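S.K.: This is the structure I have questions about; it appears just below.
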2 protein chains.
Amino acid sequence: MSVPVTIRDVAKAADVSPATVSRTFVRPEKVDAVTRERVLSAAARLDYRPNRAAQSLITGLTGNIGIVVPDLTNPFFPSVVRGIQNRAEELGYPVLLVDSGEDPVRESELVTRLGRQVDGLVLCAARMSDEDLLSHRRQRPMVLINRQVPGVPAVTFDNAAGIAQEVTHLKALGHVRIGYVAGPGTSYSSRVRQGAVTSHLAAAGLTEVAVGSFAPSFEGGRSAAEKVLLANVTAVMVYNDVMALGLINQLAQYGVSVPNDMTVVGYDDIEFAAMANPALTTVRVPREEAGALAMSYLNALLTATGPAPEAPAELKTEFIFRGTSVRAPLAQALAE
Amino acid sequence: MSVPVTIRDVAKAADVSPATVSRTFVRPEKVDAVTRERVLSAAARLDYRPNRAAQSLITGLTGNIGIVVPDLTNPFFPSVVRGIQNRAEELGYPVLLVDSGEDPVRESELVTRLGRQVDGLVLCAARMSDEDLLSHRRQRPMVLINRQVPGVPAVTFDNAAGIAQEVTHLKALGHVRIGYVAGPGTSYSSRVRQGAVTSHLAAAGLTEVAVGSFAPSFEGGRSAAEKVLLANVTAVMVYNDVMALGLINQLAQYGVSVPNDMTVVGYDDIEFAAMANPALTTVRVPREEAGALAMSYLNALLTATGPAPEAPAELKTEFIFRGTSVRAPLAQALAE
DNA sequence: TCCCTTGATGAAAACGGTTTCACCGGTTTA
DNA sequence: TAAACCGGTGAAACCGTTTTCATCAAGGGA
């Protein structure tokens with residue numbers, strides 16, 4: 001209790017100089033085995049903990065890492081945060097977390113502000129421009145999740161495969177005219193998925209009907225309902241699960257019931273996708289895994305050990321067939 | 001860019017000593033108005049930012065605050081985190097966030113580890129024992145959310161009122177035998193609510209049927225379904241919304257449909273409560289507000305200014321009548 | 001035998017702030 | 001008029017590490 005024990009206390013107790021104590025911790029191989037042992041035991045006995053501030057002052061490193069997410073209340077992100085944190089904890093990094101509220105400007109400011117508090121950053125689904133991103137990248141090591149910018153390490157999901165799985169599924173169910181409800185244009189993965197949808201639907205010989213871009217929220221999904229109804233399709237692919245759930249909810253207001261009157265497939269497989277009624281057909285993306293991997297990358301960057309990831313990792317997705325998708329003819333028969 | 005500007009650079013530029021520069025920032029009233037102006041403009045011109053580590057080293061303060069939550073993937077918590085963070089940002093505190101995974105032991109360890117990184121803590125729904133809590137409290141200023149321990153500042157919700165509102169609602173609907181599905185015994189608010197349920201049901205002349213304690217998760221709610229069915233009640237109050245949703249989901253598996261065959265009311269009003277189908281009748285607790293208030297309290301504690309909150313704040317709750325509760329006779333008629 | 005490595009160690013100089021203390025000129029008080 | 005006070009300021013000590021540099025003993029090659 002009371003007065004904290006410093007490196008000098010340990011030095012005195014072990015009868016060596018402070019320098020040797022320091023070396024024992026940072027460069028153990030530089031100190032003789034027996035002195036090292038002596039220092040270690042003294043340190044343990046006194047319950048010595050190095051003062052972070054003093055270390056930071058001289059090394060210029062904080063030992064912290066930062067995470068920024070666009071919206072913590074979107075269930076997608078807590079999972080990846082958890083993945084990052086678990087790994088960060090194993091590696092001994094405390095983490096600073098901020099929520100940008102889906103605002104690219106604020107996001108960039110937050111990164112600047114975080115900059116001086118952390119040694120490295122994990123940016124989830126960054127909304128800011130490539131240029132801003134690259135300029136921050138020059139200041140601090142960073143790794144991206146769900147975003148790709150040339151030259152910046154990243155972990156992404158194999159969205160093309162995920163979309164392909166959905167398309168195959170819908171085709172197998174006999175759907176022909178298929179709507180796509182996109183996410184915000186500011187979102188990298190929304191643009192990527194849009195591209196994948198277009199190319200895979202075309203490749204499968206199906207007709208794509210673009211419904212428009214909406215906020216990646218429950219409300220966003222609801223506001224897509226009218227346009228979906230006007231699109232004259234039997235199935236809709238939606239940018240993410242939260243929106244899909246919103247869409248289904250609003251469709252119900254119009255007396256259109258899913259899946260009987262309309263097939264809806266989401267994306268992400270958030271927890272509530274399975275809990276909804278009917279349960280949502282979707283594509284699972286390994287969020288915790290992505291977080292953990294990103295953290296591993298960041299650690300590699302920071303310690304300059306391990307594989308410095310050049311090509312962005314692409315995590316496998318998994319198609320989940322649940323209750324919101326049915327055969328097209330059946331849907332139409334019931335709709336009459 | 002390049003070399004960071006130090007207090008000495010500013011001192012030189014303003015033609016004063018470093019001491020004066022420091023004073024200008026920490027004790028402005030101690031320096032003459034005109035010198036102060038000179039220093040300030042020099043600092044601005046050079047874009048001077050004090051080095052946190054150096055400040056920490058001498059003051060012993062980090063300038064950071066910490067948040068610990070039991071489970072970030074429970075939608076209850078991101079909201080309160082957001083409330084804390086917004087306020088923290090206004091006040092200029094970076095925040096360290098950790099997730100204890102609902103584990104009291106881990107939680108206590110995390111607090112210890114966070115301890116040396118932060119000046120103060122906000123603990124959400126702390127799971128650890130009163131003793132552990134008090135011992136940590138001796139180390140660092142802290143404020144609790146959704147937990148009460150004598151002598152520790154806290155912001156809580158007026159659960160008694162919330163429960164009372166639910167009871168009144170159920171009584172008005174004609175329910176008489178009412179089940180209660182409790183949360184984990186480790187949760188303070190679960191114990192509090194259990195007490196409130198018992199007393200308010202008794203006061204209303206209704207019969208309480210205790211269903212048991214379950215994990216505060218969707219799965220926890222599902223596992224309560226059988227016992228609920230065996231309880232021979234027309235309505236159930238559930239510890240929180242996530243569990244209520246789980247319960248409803250599992251009841252459907254048994255062919256019991258809500259609200260026709262069973263009235264269910266939740267608690268918290270998480271986002272998905274409104275989104276579910278049918279939408280969940282519940283009690284709204286102001287989560288963001290609670291977070292913001294807690295952060296304000298913590299700031300008061302840290303700066304020794306403002307109201308040092310003695311009595312825990314109790315935030316008002318609001319009853320939300322939605323689709324999972326209906327009149328008892330009707331429920332029974334349909335059940336036949 | 002002597003010189004040159006080599007490995008282990010300690011003394012001391014950073015790192016960038018804050019704070020104590022002494023000093024100085026000017027004003028009030030006795 | 002002398003003594004006490006006071007606001008504003010700078011010199012220097014200090015916070016607890018890491019790291020450079022010098023020192024020293026021991027071992028190896030010539």
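Residue numbers start at 1 in each chain; chains themselves are named A, B, ... in the order of the structure tokens; ligands are numbered from 1 in the order shown.
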I'd like the contact shell of B:Leu298 - 8 Å cut-off, only C-alpha atoms (C1' of nucleotides), skipping same-chain residues fewer than 5 positions apart - returned as an MDAnalysis selection string.
M.R.: chainID B and resid 120:122 141:143
S.K.: For N, CA, C and O atoms, I'd like the residues from the last selection saved as a PDB file, in the first residue's frame.
M.R.:
```pdb
ATOM      1  N   GLY B 120     -10.163   7.030 -12.863  1.00  0.00           N
ATOM      2  CA  GLY B 120     -11.443   6.700 -12.267  1.00  0.00           C
ATOM      3  C   GLY B 120     -12.172   5.689 -13.122  1.00  0.00           C
ATOM      4  O   GLY B 120     -11.811   5.464 -14.279  1.00  0.00           O
ATOM      5  N   LEU B 121     -13.198   5.088 -12.553  1.00  0.00           N
ATOM      6  CA  LEU B 121     -13.888   4.001 -13.235  1.00  0.00           C
ATOM      7  C   LEU B 121     -15.400   4.162 -13.196  1.00  0.00           C
ATOM      8  O   LEU B 121     -15.951   4.660 -12.213  1.00  0.00           O
ATOM      9  N   VAL B 122     -16.038   3.722 -14.260  1.00  0.00           N
ATOM     10  CA  VAL B 122     -17.486   3.543 -14.228  1.00  0.00           C
ATOM     11  C   VAL B 122     -17.748   2.046 -14.366  1.00  0.00           C
ATOM     12  O   VAL B 122     -17.330   1.431 -15.343  1.00  0.00           O
ATOM     13  N   PRO B 141     -11.334   6.400  -7.482  1.00  0.00           N
ATOM     14  CA  PRO B 141     -12.706   6.884  -7.523  1.00  0.00           C
ATOM     15  C   PRO B 141     -13.508   6.031  -8.497  1.00  0.00           C
ATOM     16  O   PRO B 141     -12.988   5.634  -9.543  1.00  0.00           O
ATOM     17  N   MET B 142     -14.735   5.740  -8.164  1.00  0.00           N
ATOM     18  CA  MET B 142     -15.557   4.995  -9.115  1.00  0.00           C
ATOM     19  C   MET B 142     -17.012   5.351  -8.938  1.00  0.00           C
ATOM     20  O   MET B 142     -17.417   5.809  -7.870  1.00  0.00           O
ATOM     21  N   VAL B 143     -17.765   5.174 -10.011  1.00  0.00           N
ATOM     22  CA  VAL B 143     -19.207   5.282  -9.860  1.00  0.00           C
ATOM     23  C   VAL B 143     -19.856   4.084 -10.520  1.00  0.00           C
ATOM     24  O   VAL B 143     -19.386   3.556 -11.521  1.00  0.00           O
TER      25      VAL B 143
END
```
S.K.: Which of stretch 59-304 of chain B end up as helix (DSSP H, G or I) when DSSP is run on this backbone - answer as a ChimeraX atom specification?
M.R.: /B:59,76-91,104-115,130-139,159-172,188-203,218-223,225-230,241-253,271-275,287-303
S.K.: How close is chain A to chain B in C-alpha RMSD after a least-squares fit, all Cα atoms in order?
M.R.: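 Result: 0.1 Å C-alpha RMSD.
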S.K.: Can you pull out every residue within 10 Å of D:DG16, counting only C-alpha atoms (C1' of nucleotides), but drop anything in the same chain fewer than 6 positions away, and send it as a list in words?
M.R.: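 Once the adjacent positions are removed, what remains is Thr6, Ile7, Arg8, Pro50, Asn51, Arg52, Ala53, Ala54, Gln55, Leu57 and Ile58 of chain A; Leu57 and Ile58 of chain B.
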S.K.: Output N, CA and C atoms of each residue in that selection to a file, as a compact mmCIF listing (two decimals), in the first residue's frame.
M.R.:
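As written to disk, selection28.txt reads:
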```txt
# COMPACT_ATOMS: atom_id res chain seq x y z
N THR A 6 9.42 1.56 -6.52
CA THR A 6 10.06 1.96 -7.76
C THR A 6 11.21 1.02 -8.11
N ILE A 7 11.78 1.30 -9.23
CA ILE A 7 12.86 0.47 -9.72
C ILE A 7 14.07 0.56 -8.78
N ARG A 8 14.19 1.67 -8.11
CA ARG A 8 15.31 1.85 -7.18
C ARG A 8 15.16 0.96 -5.95
N PRO A 50 6.30 -1.65 -13.02
CA PRO A 50 6.89 -0.47 -13.65
C PRO A 50 5.85 0.63 -13.85
N ASN A 51 6.26 1.84 -13.70
CA ASN A 51 5.40 3.00 -13.90
C ASN A 51 5.27 3.26 -15.40
N ARG A 52 4.05 3.11 -15.87
CA ARG A 52 3.78 3.26 -17.30
C ARG A 52 4.18 4.63 -17.83
N ALA A 53 3.84 5.63 -17.06
CA ALA A 53 4.09 7.00 -17.52
C ALA A 53 5.58 7.21 -17.73
N ALA A 54 6.36 6.73 -16.80
CA ALA A 54 7.81 6.90 -16.93
C ALA A 54 8.32 6.15 -18.15
N GLN A 55 7.80 4.96 -18.34
CA GLN A 55 8.21 4.20 -19.52
C GLN A 55 7.83 4.93 -20.80
N LEU A 57 7.27 8.04 -21.23
CA LEU A 57 8.01 9.28 -21.41
C LEU A 57 9.28 9.04 -22.19
N ILE A 58 9.96 7.98 -21.85
CA ILE A 58 11.25 7.77 -22.49
C ILE A 58 11.16 6.99 -23.80
N LEU B 57 3.64 11.40 -15.31
CA LEU B 57 4.77 11.02 -14.46
C LEU B 57 4.81 11.87 -13.21
N ILE B 58 4.60 13.15 -13.39
CA ILE B 58 4.74 14.03 -12.22
C ILE B 58 3.46 14.16 -11.42
```
S.K.: To one decimal place in Å, what is the distance between atom CA of B:His175 and atom CA of B:Ala203?
M.R.: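 Atom-to-atom, atom CA of B:His175 and atom CA of B:Ala203 are spaced 14.4 Å apart.
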S.K.: Using only C-alpha atoms (C1' of nucleotides), which residues of chain D come within 9 Å of chain B, and what is the closest atom pair for each, with the distance in Å to one decimal? Give it as CSV, sorted by chain and residue number.
M.R.:
```
residue,atom,partner,partner_atom,distance
D:DG7,C1',B:Lys30,CA,8.3
D:DG8,C1',B:Val31,CA,6.6
D:DT9,C1',B:Thr20,CA,7.3
D:DG10,C1',B:Ser17,CA,6.1
D:DC14,C1',B:Ile58,CA,8.1
D:DC15,C1',B:Ile58,CA,4.6
D:DG16,C1',B:Leu57,CA,7.4
```
S.K.: May I have the selected residues written with all heavy atoms, as a short mmCIF file (atom, residue, chain, number, x, y, z; two decimals), in the first residue's frame?
M.R.:
```
data_model
loop_
_atom_site.label_atom_id
_atom_site.label_comp_id
_atom_site.auth_asym_id
_atom_site.auth_seq_id
_atom_site.Cartn_x
_atom_site.Cartn_y
_atom_site.Cartn_z
P DG D 7 -0.86 38.71 -4.03
OP1 DG D 7 -2.28 38.77 -3.67
OP2 DG D 7 -0.06 37.49 -3.72
"O5'" DG D 7 -0.70 39.02 -5.58
"C5'" DG D 7 -0.69 40.37 -6.03
"C4'" DG D 7 0.21 40.46 -7.26
"O4'" DG D 7 1.60 40.46 -6.84
"C3'" DG D 7 0.05 39.29 -8.22
"O3'" DG D 7 0.09 39.80 -9.54
"C2'" DG D 7 1.24 38.40 -7.91
"C1'" DG D 7 2.30 39.40 -7.45
N9 DG D 7 3.22 38.85 -6.46
C8 DG D 7 2.90 38.03 -5.41
N7 DG D 7 3.94 37.72 -4.68
C5 DG D 7 5.00 38.39 -5.28
C6 DG D 7 6.38 38.43 -4.92
O6 DG D 7 6.94 37.89 -3.97
N1 DG D 7 7.10 39.23 -5.81
C2 DG D 7 6.58 39.89 -6.89
N2 DG D 7 7.44 40.60 -7.61
N3 DG D 7 5.30 39.86 -7.23
C4 DG D 7 4.57 39.09 -6.39
P DG D 8 -0.03 38.84 -10.81
OP1 DG D 8 -0.69 39.60 -11.90
OP2 DG D 8 -0.57 37.54 -10.36
"O5'" DG D 8 1.49 38.66 -11.20
"C5'" DG D 8 2.20 39.79 -11.71
"C4'" DG D 8 3.60 39.35 -12.04
"O4'" DG D 8 4.28 38.96 -10.83
"C3'" DG D 8 3.70 38.16 -13.00
"O3'" DG D 8 4.55 38.52 -14.07
"C2'" DG D 8 4.27 37.04 -12.15
"C1'" DG D 8 5.05 37.81 -11.10
N9 DG D 8 5.24 37.11 -9.84
C8 DG D 8 4.29 36.45 -9.09
N7 DG D 8 4.76 35.93 -8.00
C5 DG D 8 6.11 36.25 -8.02
C6 DG D 8 7.14 35.95 -7.08
O6 DG D 8 7.05 35.31 -6.03
N1 DG D 8 8.37 36.47 -7.50
C2 DG D 8 8.57 37.19 -8.63
N2 DG D 8 9.81 37.60 -8.86
N3 DG D 8 7.61 37.48 -9.52
C4 DG D 8 6.42 36.98 -9.14
P DT D 9 4.69 37.56 -15.33
OP1 DT D 9 5.01 38.42 -16.49
OP2 DT D 9 3.56 36.63 -15.36
"O5'" DT D 9 5.99 36.75 -14.96
"C5'" DT D 9 7.26 37.41 -15.06
"C4'" DT D 9 8.32 36.61 -14.36
"O4'" DT D 9 7.89 36.24 -13.04
"C3'" DT D 9 8.67 35.28 -15.00
"O3'" DT D 9 9.72 35.51 -15.93
"C2'" DT D 9 9.14 34.43 -13.82
"C1'" DT D 9 8.81 35.28 -12.59
N1 DT D 9 8.21 34.55 -11.45
C2 DT D 9 9.04 34.20 -10.41
O2 DT D 9 10.23 34.42 -10.39
N3 DT D 9 8.41 33.55 -9.38
C4 DT D 9 7.07 33.23 -9.29
O4 DT D 9 6.61 32.64 -8.32
C5 DT D 9 6.26 33.63 -10.42
C7 DT D 9 4.80 33.34 -10.44
C6 DT D 9 6.86 34.27 -11.44
P DG D 10 10.24 34.33 -16.84
OP1 DG D 10 10.89 34.92 -18.04
OP2 DG D 10 9.17 33.33 -16.97
"O5'" DG D 10 11.41 33.72 -15.94
"C5'" DG D 10 12.48 34.57 -15.56
"C4'" DG D 10 13.48 33.78 -14.73
"O4'" DG D 10 12.86 33.37 -13.49
"C3'" DG D 10 13.99 32.49 -15.38
"O3'" DG D 10 15.36 32.35 -15.01
"C2'" DG D 10 13.12 31.41 -14.74
"C1'" DG D 10 12.93 31.96 -13.34
N9 DG D 10 11.69 31.56 -12.68
C8 DG D 10 10.42 31.57 -13.21
N7 DG D 10 9.51 31.18 -12.37
C5 DG D 10 10.21 30.89 -11.21
C6 DG D 10 9.75 30.42 -9.95
O6 DG D 10 8.60 30.16 -9.60
N1 DG D 10 10.80 30.25 -9.05
C2 DG D 10 12.12 30.52 -9.33
N2 DG D 10 12.98 30.29 -8.33
N3 DG D 10 12.56 30.96 -10.50
C4 DG D 10 11.56 31.12 -11.38
P DC D 14 15.69 16.88 -5.52
OP1 DC D 14 15.52 16.75 -4.05
OP2 DC D 14 16.91 16.35 -6.19
"O5'" DC D 14 14.44 16.21 -6.21
"C5'" DC D 14 13.13 16.71 -5.94
"C4'" DC D 14 12.19 16.20 -6.99
"O4'" DC D 14 12.38 16.93 -8.23
"C3'" DC D 14 12.37 14.72 -7.36
"O3'" DC D 14 11.24 14.00 -6.92
"C2'" DC D 14 12.51 14.73 -8.88
"C1'" DC D 14 11.97 16.09 -9.28
N1 DC D 14 12.54 16.64 -10.55
C2 DC D 14 11.65 17.13 -11.50
O2 DC D 14 10.43 17.12 -11.26
N3 DC D 14 12.14 17.61 -12.66
C4 DC D 14 13.45 17.61 -12.88
N4 DC D 14 13.89 18.10 -14.05
C5 DC D 14 14.37 17.12 -11.91
C6 DC D 14 13.88 16.65 -10.77
P DC D 15 11.39 12.44 -6.61
OP1 DC D 15 11.16 12.24 -5.18
OP2 DC D 15 12.62 11.94 -7.24
"O5'" DC D 15 10.18 11.79 -7.39
"C5'" DC D 15 8.94 12.46 -7.59
"C4'" DC D 15 8.35 11.99 -8.91
"O4'" DC D 15 8.74 12.91 -9.95
"C3'" DC D 15 8.88 10.64 -9.34
"O3'" DC D 15 7.99 9.62 -8.91
"C2'" DC D 15 8.93 10.73 -10.87
"C1'" DC D 15 8.81 12.22 -11.17
N1 DC D 15 9.94 12.83 -11.92
C2 DC D 15 9.67 13.65 -13.02
O2 DC D 15 8.49 13.86 -13.32
N3 DC D 15 10.71 14.19 -13.71
C4 DC D 15 11.98 13.94 -13.33
N4 DC D 15 12.97 14.50 -14.03
C5 DC D 15 12.27 13.10 -12.22
C6 DC D 15 11.23 12.57 -11.55
P DG D 16 8.58 8.29 -8.25
OP1 DG D 16 7.50 7.61 -7.52
OP2 DG D 16 9.85 8.62 -7.60
"O5'" DG D 16 8.94 7.41 -9.53
"C5'" DG D 16 7.88 7.04 -10.40
"C4'" DG D 16 8.47 6.35 -11.61
"O4'" DG D 16 9.26 7.29 -12.35
"C3'" DG D 16 9.38 5.18 -11.28
"O3'" DG D 16 9.12 4.16 -12.21
"C2'" DG D 16 10.78 5.77 -11.47
"C1'" DG D 16 10.53 6.73 -12.62
N9 DG D 16 11.46 7.84 -12.72
C8 DG D 16 12.13 8.45 -11.69
N7 DG D 16 12.90 9.45 -12.10
C5 DG D 16 12.71 9.49 -13.48
C6 DG D 16 13.27 10.35 -14.45
O6 DG D 16 14.06 11.27 -14.28
N1 DG D 16 12.81 10.05 -15.74
C2 DG D 16 11.93 9.03 -16.03
N2 DG D 16 11.59 8.88 -17.30
N3 DG D 16 11.39 8.21 -15.12
C4 DG D 16 11.83 8.50 -13.87
#
```
S.K.: Using only C-alpha atoms, determine which residues of chain B fall within 8 Å of chain A; present them as a PyMOL selection string.
M.R.: chain B and resi 53-54+56-57+62+72-73+75+78-79+82+85+94-99+114+218+245-246+249+275-277
S.K.: How would the residues just picked look written out with C-alpha atoms as a PDB file, in the first residue's frame?
M.R.:
```
ATOM      1  CA  ALA B  53       3.306  10.816 -20.264  1.00  0.00           C
ATOM      2  CA  ALA B  54       5.369  13.621 -18.799  1.00  0.00           C
ATOM      3  CA  SER B  56       1.328  11.684 -15.779  1.00  0.00           C
ATOM      4  CA  LEU B  57       4.768  11.021 -14.465  1.00  0.00           C
ATOM      5  CA  THR B  62      -3.360   9.468 -16.413  1.00  0.00           C
ATOM      6  CA  LEU B  72     -20.938  -5.864 -24.598  1.00  0.00           C
ATOM      7  CA  THR B  73     -23.009  -8.060 -26.877  1.00  0.00           C
ATOM      8  CA  PRO B  75     -27.677  -4.609 -26.257  1.00  0.00           C
ATOM      9  CA  PRO B  78     -23.627  -0.401 -25.731  1.00  0.00           C
ATOM     10  CA  SER B  79     -26.227   2.270 -25.038  1.00  0.00           C
ATOM     11  CA  ARG B  82     -22.319   5.463 -25.589  1.00  0.00           C
ATOM     12  CA  GLN B  85     -18.422   8.131 -23.903  1.00  0.00           C
ATOM     13  CA  PRO B  94     -10.283   9.109 -23.322  1.00  0.00           C
ATOM     14  CA  VAL B  95     -11.922   5.919 -22.156  1.00  0.00           C
ATOM     15  CA  LEU B  96     -10.634   2.421 -21.676  1.00  0.00           C
ATOM     16  CA  LEU B  97     -13.340  -0.184 -22.080  1.00  0.00           C
ATOM     17  CA  VAL B  98     -13.322  -3.766 -20.922  1.00  0.00           C
ATOM     18  CA  ASP B  99     -15.815  -6.572 -21.000  1.00  0.00           C
ATOM     19  CA  LEU B 114      -7.280  -1.101 -15.381  1.00  0.00           C
ATOM     20  CA  PHE B 218     -31.586 -15.181 -25.115  1.00  0.00           C
ATOM     21  CA  LEU B 245     -37.444 -12.561 -26.409  1.00  0.00           C
ATOM     22  CA  GLY B 246     -35.789 -15.928 -25.811  1.00  0.00           C
ATOM     23  CA  ASN B 249     -39.106 -17.810 -29.096  1.00  0.00           C
ATOM     24  CA  MET B 275     -38.494  -4.490 -33.555  1.00  0.00           C
ATOM     25  CA  ALA B 276     -39.666  -7.890 -32.486  1.00  0.00           C
ATOM     26  CA  ASN B 277     -42.857  -9.340 -33.795  1.00  0.00           C
TER      27      ASN B 277
END
```
S.K.: Select from chain C every residue with an atom at most 12 Å from any atom of chain B, then for each give the shortest pair of atoms and their distance in Å to one decimal, using only C-alpha atoms (C1' of nucleotides), rows by chain and rising number, as a Markdown table.
M.R.:
```
| residue | atom | partner | partner_atom | distance |
| --- | --- | --- | --- | --- |
| C:DC15 | C1' | B:Ala54 | CA | 7.8 |
| C:DG16 | C1' | B:Ala54 | CA | 5.1 |
| C:DG17 | C1' | B:Ala54 | CA | 4.9 |
| C:DT18 | C1' | B:Ile58 | CA | 6.5 |
| C:DT19 | C1' | B:Ala19 | CA | 8.7 |
| C:DT20 | C1' | B:Ala19 | CA | 11.2 |
```
S.K.: Write a file of the selected residues as a PDB file, in the first residue's frame, keeping N, CA and C atoms (P, O5', C5', C4', C3', O3' and C1' of nucleotides).
M.R.:
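Written output follows (out_29.pdb):
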```
ATOM      1  P    DC C  15      16.268  14.698 -24.463  1.00  0.00           P
ATOM      2  O5'  DC C  15      14.813  14.097 -24.375  1.00  0.00           O
ATOM      3  C5'  DC C  15      14.522  12.730 -24.541  1.00  0.00           C
ATOM      4  C4'  DC C  15      13.264  12.398 -23.800  1.00  0.00           C
ATOM      5  C3'  DC C  15      12.379  13.608 -23.511  1.00  0.00           C
ATOM      6  O3'  DC C  15      11.390  13.695 -24.526  1.00  0.00           O
ATOM      7  C1'  DC C  15      12.529  12.123 -21.617  1.00  0.00           C
ATOM      8  P    DG C  16      11.114  15.121 -25.207  1.00  0.00           P
ATOM      9  O5'  DG C  16      10.048  15.762 -24.219  1.00  0.00           O
ATOM     10  C5'  DG C  16       8.812  15.105 -24.019  1.00  0.00           C
ATOM     11  C4'  DG C  16       8.115  15.730 -22.847  1.00  0.00           C
ATOM     12  C3'  DG C  16       8.003  17.247 -22.906  1.00  0.00           C
ATOM     13  O3'  DG C  16       6.722  17.607 -22.436  1.00  0.00           O
ATOM     14  C1'  DG C  16       8.959  16.626 -20.888  1.00  0.00           C
ATOM     15  P    DG C  17       6.078  18.980 -22.898  1.00  0.00           P
ATOM     16  O5'  DG C  17       4.858  19.081 -21.865  1.00  0.00           O
ATOM     17  C5'  DG C  17       4.972  19.859 -20.694  1.00  0.00           C
ATOM     18  C4'  DG C  17       4.906  18.971 -19.480  1.00  0.00           C
ATOM     19  C3'  DG C  17       4.588  19.703 -18.196  1.00  0.00           C
ATOM     20  O3'  DG C  17       3.214  19.548 -17.928  1.00  0.00           O
ATOM     21  C1'  DG C  17       6.495  18.262 -17.928  1.00  0.00           C
ATOM     22  P    DT C  18       2.498  20.642 -16.990  1.00  0.00           P
ATOM     23  O5'  DT C  18       3.144  20.380 -15.560  1.00  0.00           O
ATOM     24  C5'  DT C  18       2.685  19.286 -14.802  1.00  0.00           C
ATOM     25  C4'  DT C  18       3.306  19.329 -13.428  1.00  0.00           C
ATOM     26  C3'  DT C  18       2.847  20.484 -12.553  1.00  0.00           C
ATOM     27  O3'  DT C  18       2.656  19.930 -11.269  1.00  0.00           O
ATOM     28  C1'  DT C  18       5.204  20.480 -12.693  1.00  0.00           C
ATOM     29  P    DT C  19       1.745  20.702 -10.205  1.00  0.00           P
ATOM     30  O5'  DT C  19       2.846  21.092  -9.118  1.00  0.00           O
ATOM     31  C5'  DT C  19       3.809  20.114  -8.770  1.00  0.00           C
ATOM     32  C4'  DT C  19       4.914  20.753  -7.961  1.00  0.00           C
ATOM     33  C3'  DT C  19       4.486  21.970  -7.146  1.00  0.00           C
ATOM     34  O3'  DT C  19       5.131  21.887  -5.894  1.00  0.00           O
ATOM     35  C1'  DT C  19       6.313  22.541  -8.490  1.00  0.00           C
ATOM     36  P    DT C  20       4.494  22.643  -4.632  1.00  0.00           P
ATOM     37  O5'  DT C  20       5.803  22.926  -3.745  1.00  0.00           O
ATOM     38  C5'  DT C  20       6.832  21.946  -3.711  1.00  0.00           C
ATOM     39  C4'  DT C  20       8.193  22.623  -3.706  1.00  0.00           C
ATOM     40  C3'  DT C  20       8.317  23.786  -2.724  1.00  0.00           C
ATOM     41  O3'  DT C  20       9.476  23.573  -1.935  1.00  0.00           O
ATOM     42  C1'  DT C  20       9.094  24.419  -4.853  1.00  0.00           C
TER      43       DT C  20
END
```
S.K.: Pick from B:Ala231, B:Leu144, B:Ala88, B:Val176: nearest to B:Ala292, with only C-alpha atoms counted?
M.R.: B:Ala88
